[in-house]
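Undergrad: Below you will find the structure I want to go over with you.
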Amino acid sequence: DFIIERLRSKVFILAAIVFTGIIIATLPTFFNEIVYSFVPDKTQHVYQNAILNNQFGREVDTIIMLIILTIIMISPREYLKKHYFITIILVWFSIMNLMMPFANRLWAGFVPFLAYAVWDLRKDLRLLVMCFWTPYLALSYYQWSTLFRS
């Protein structure tokens, strides 16, 4: 809060948001790789298989969220200051979704924050975000409904 409130330029606000999201997303990934290097029985194959099995769905999820993130980032500076938390979470999700197969489970808890942020957008941008969010929800429903199919 302290940093975002002190910044006056939209470029610096965006840089702080993107940098924070990238750091939050990459540190756990690197930490996991270090932990996996110490595991002698190579149980990480379960993790790697989960990454390969749903690569296409996760790529589409990431593309849709990057489009929504871009729409949010073209909003006015006051909007970014008000909703910097969800913007950081969107950056985090866009990176982690490609690296971690279960990022959707973590992301699901933040969807109400995104709904609030979208509701606070201008009407034209809100409609544009909803045009991308609806296919994302349909894809997510399909992914979750086929998750336990044998």
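Note on naming: chains are A, B, ... as they come in the structure tokens, residues start from 1 per chain, ligands start from 1 in the order shown.
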Could you name the residues that touch range 58-66 of chain A at 8 Å or less, counting only C-alpha atoms, but leaving out those on the same chain fewer than 3 positions away, as a PDB file with N, CA and C atoms, in the first residue's frame?

TA:
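And here is the file that came out, part.pdb:
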ATOM      1  N   ASN A  54      -2.114 -31.284 -19.282  1.00  0.00           N
ATOM      2  CA  ASN A  54      -3.077 -30.211 -19.509  1.00  0.00           C
ATOM      3  C   ASN A  54      -2.400 -28.946 -20.012  1.00  0.00           C
ATOM      4  N   GLN A  55      -1.403 -29.070 -20.840  1.00  0.00           N
ATOM      5  CA  GLN A  55      -0.665 -27.899 -21.304  1.00  0.00           C
ATOM      6  C   GLN A  55      -1.546 -26.967 -22.136  1.00  0.00           C
ATOM      7  N   LEU A  69      -5.809  -8.840 -18.107  1.00  0.00           N
ATOM      8  CA  LEU A  69      -4.803  -8.019 -17.428  1.00  0.00           C
ATOM      9  C   LEU A  69      -4.459  -6.786 -18.252  1.00  0.00           C
ATOM     10  N   THR A  70      -4.325  -6.944 -19.550  1.00  0.00           N
ATOM     11  CA  THR A  70      -4.023  -5.810 -20.426  1.00  0.00           C
ATOM     12  C   THR A  70      -5.153  -4.781 -20.389  1.00  0.00           C
ATOM     13  N   LEU A  90      -3.201 -11.251 -10.987  1.00  0.00           N
ATOM     14  CA  LEU A  90      -3.322 -11.637 -12.404  1.00  0.00           C
ATOM     15  C   LEU A  90      -1.954 -11.872 -13.033  1.00  0.00           C
ATOM     16  N   VAL A  91      -0.985 -11.028 -12.706  1.00  0.00           N
ATOM     17  CA  VAL A  91       0.378 -11.251 -13.197  1.00  0.00           C
ATOM     18  C   VAL A  91       0.901 -12.573 -12.639  1.00  0.00           C
ATOM     19  N   PHE A  93      -0.826 -15.193 -11.617  1.00  0.00           N
ATOM     20  CA  PHE A  93      -1.517 -16.327 -12.227  1.00  0.00           C
ATOM     21  C   PHE A  93      -1.023 -16.580 -13.648  1.00  0.00           C
ATOM     22  N   SER A  94      -0.785 -15.528 -14.401  1.00  0.00           N
ATOM     23  CA  SER A  94      -0.335 -15.697 -15.785  1.00  0.00           C
ATOM     24  C   SER A  94       1.006 -16.412 -15.859  1.00  0.00           C
ATOM     25  N   ILE A  95       1.856 -16.189 -14.886  1.00  0.00           N
ATOM     26  CA  ILE A  95       3.162 -16.862 -14.868  1.00  0.00           C
ATOM     27  C   ILE A  95       3.048 -18.250 -14.245  1.00  0.00           C
ATOM     28  N   ASN A  97       0.512 -20.228 -13.872  1.00  0.00           N
ATOM     29  CA  ASN A  97      -0.333 -21.184 -14.569  1.00  0.00           C
ATOM     30  C   ASN A  97       0.463 -21.998 -15.576  1.00  0.00           C
ATOM     31  N   LEU A  98       1.491 -21.415 -16.144  1.00  0.00           N
ATOM     32  CA  LEU A  98       2.325 -22.152 -17.098  1.00  0.00           C
ATOM     33  C   LEU A  98       3.345 -23.043 -16.404  1.00  0.00           C
ATOM     34  N   PRO A 101       0.940 -26.953 -12.402  1.00  0.00           N
ATOM     35  CA  PRO A 101      -0.307 -27.508 -12.930  1.00  0.00           C
ATOM     36  C   PRO A 101      -1.536 -27.239 -12.072  1.00  0.00           C
ATOM     37  N   PHE A 132     -14.285 -11.944 -22.634  1.00  0.00           N
ATOM     38  CA  PHE A 132     -13.163 -12.880 -22.488  1.00  0.00           C
ATOM     39  C   PHE A 132     -13.338 -13.791 -21.274  1.00  0.00           C
ATOM     40  N   TRP A 133     -13.985 -13.286 -20.243  1.00  0.00           N
ATOM     41  CA  TRP A 133     -14.136 -14.068 -19.020  1.00  0.00           C
ATOM     42  C   TRP A 133     -15.125 -15.213 -19.195  1.00  0.00           C
ATOM     43  N   TYR A 136     -13.408 -18.204 -20.600  1.00  0.00           N
ATOM     44  CA  TYR A 136     -12.517 -18.714 -19.564  1.00  0.00           C
ATOM     45  C   TYR A 136     -13.289 -19.577 -18.568  1.00  0.00           C
ATOM     46  N   LEU A 139     -14.209 -22.881 -20.244  1.00  0.00           N
ATOM     47  CA  LEU A 139     -13.040 -23.760 -20.323  1.00  0.00           C
ATOM     48  C   LEU A 139     -12.690 -24.320 -18.944  1.00  0.00           C
TER      49      LEU A 139
END

Undergrad: So what do you get for CA of Ser9 in chain A versus CA of Leu125 in chain A, distance-wise?

TA: 21.7 Å

Undergrad: So how many Å separate CA of Met100 in chain A and CA of Thr20 in chain A, to one decimal?

TA: 18.2 Å

Undergrad: At a cut-off of 8 Å, using only C-alpha atoms, what residues contact Ile72 in chain A? Leave out same-chain residues fewer than 5 positions from it and give the result as a list in words.

TA: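 The filter keeps Leu80, Thr87 and Leu121 of chain A.
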
Undergrad: Would you put the residues from that selection into a file with N, CA and C atoms, as a JSON list (two decimals), in the first residue's frame?

TA:
[["chain", "number", "residue", "atom", "x", "y", "z"],
["A", 80, "LEU", "N", -6.00, 1.68, -11.08],
["A", 80, "LEU", "CA", -4.87, 0.79, -10.78],
["A", 80, "LEU", "C", -4.46, 0.88, -9.32],
["A", 87, "THR", "N", -4.45, -6.94, -9.69],
["A", 87, "THR", "CA", -3.55, -6.84, -10.84],
["A", 87, "THR", "C", -2.28, -7.65, -10.58],
["A", 121, "LEU", "N", -14.85, -1.41, -13.27],
["A", 121, "LEU", "CA", -14.36, -0.86, -14.54],
["A", 121, "LEU", "C", -15.41, 0.01, -15.21]]

Undergrad: Which is closer to Ile17 in chain A than all the others in A:Ile88, A:Ile71, A:Ala115, A:Leu106, using only C-alpha atoms?

TA: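 That would be A:Ile88, the residue with the smallest distance to Ile17 in chain A.
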
Undergrad: Report, in Å to a single decimal, how far apart CA of Ile68 in chain A and CA of Phe12 in chain A are.

TA: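 Interatomic distance, CA of Phe12 in chain A to CA of Ile68 in chain A: 19.9 Å.
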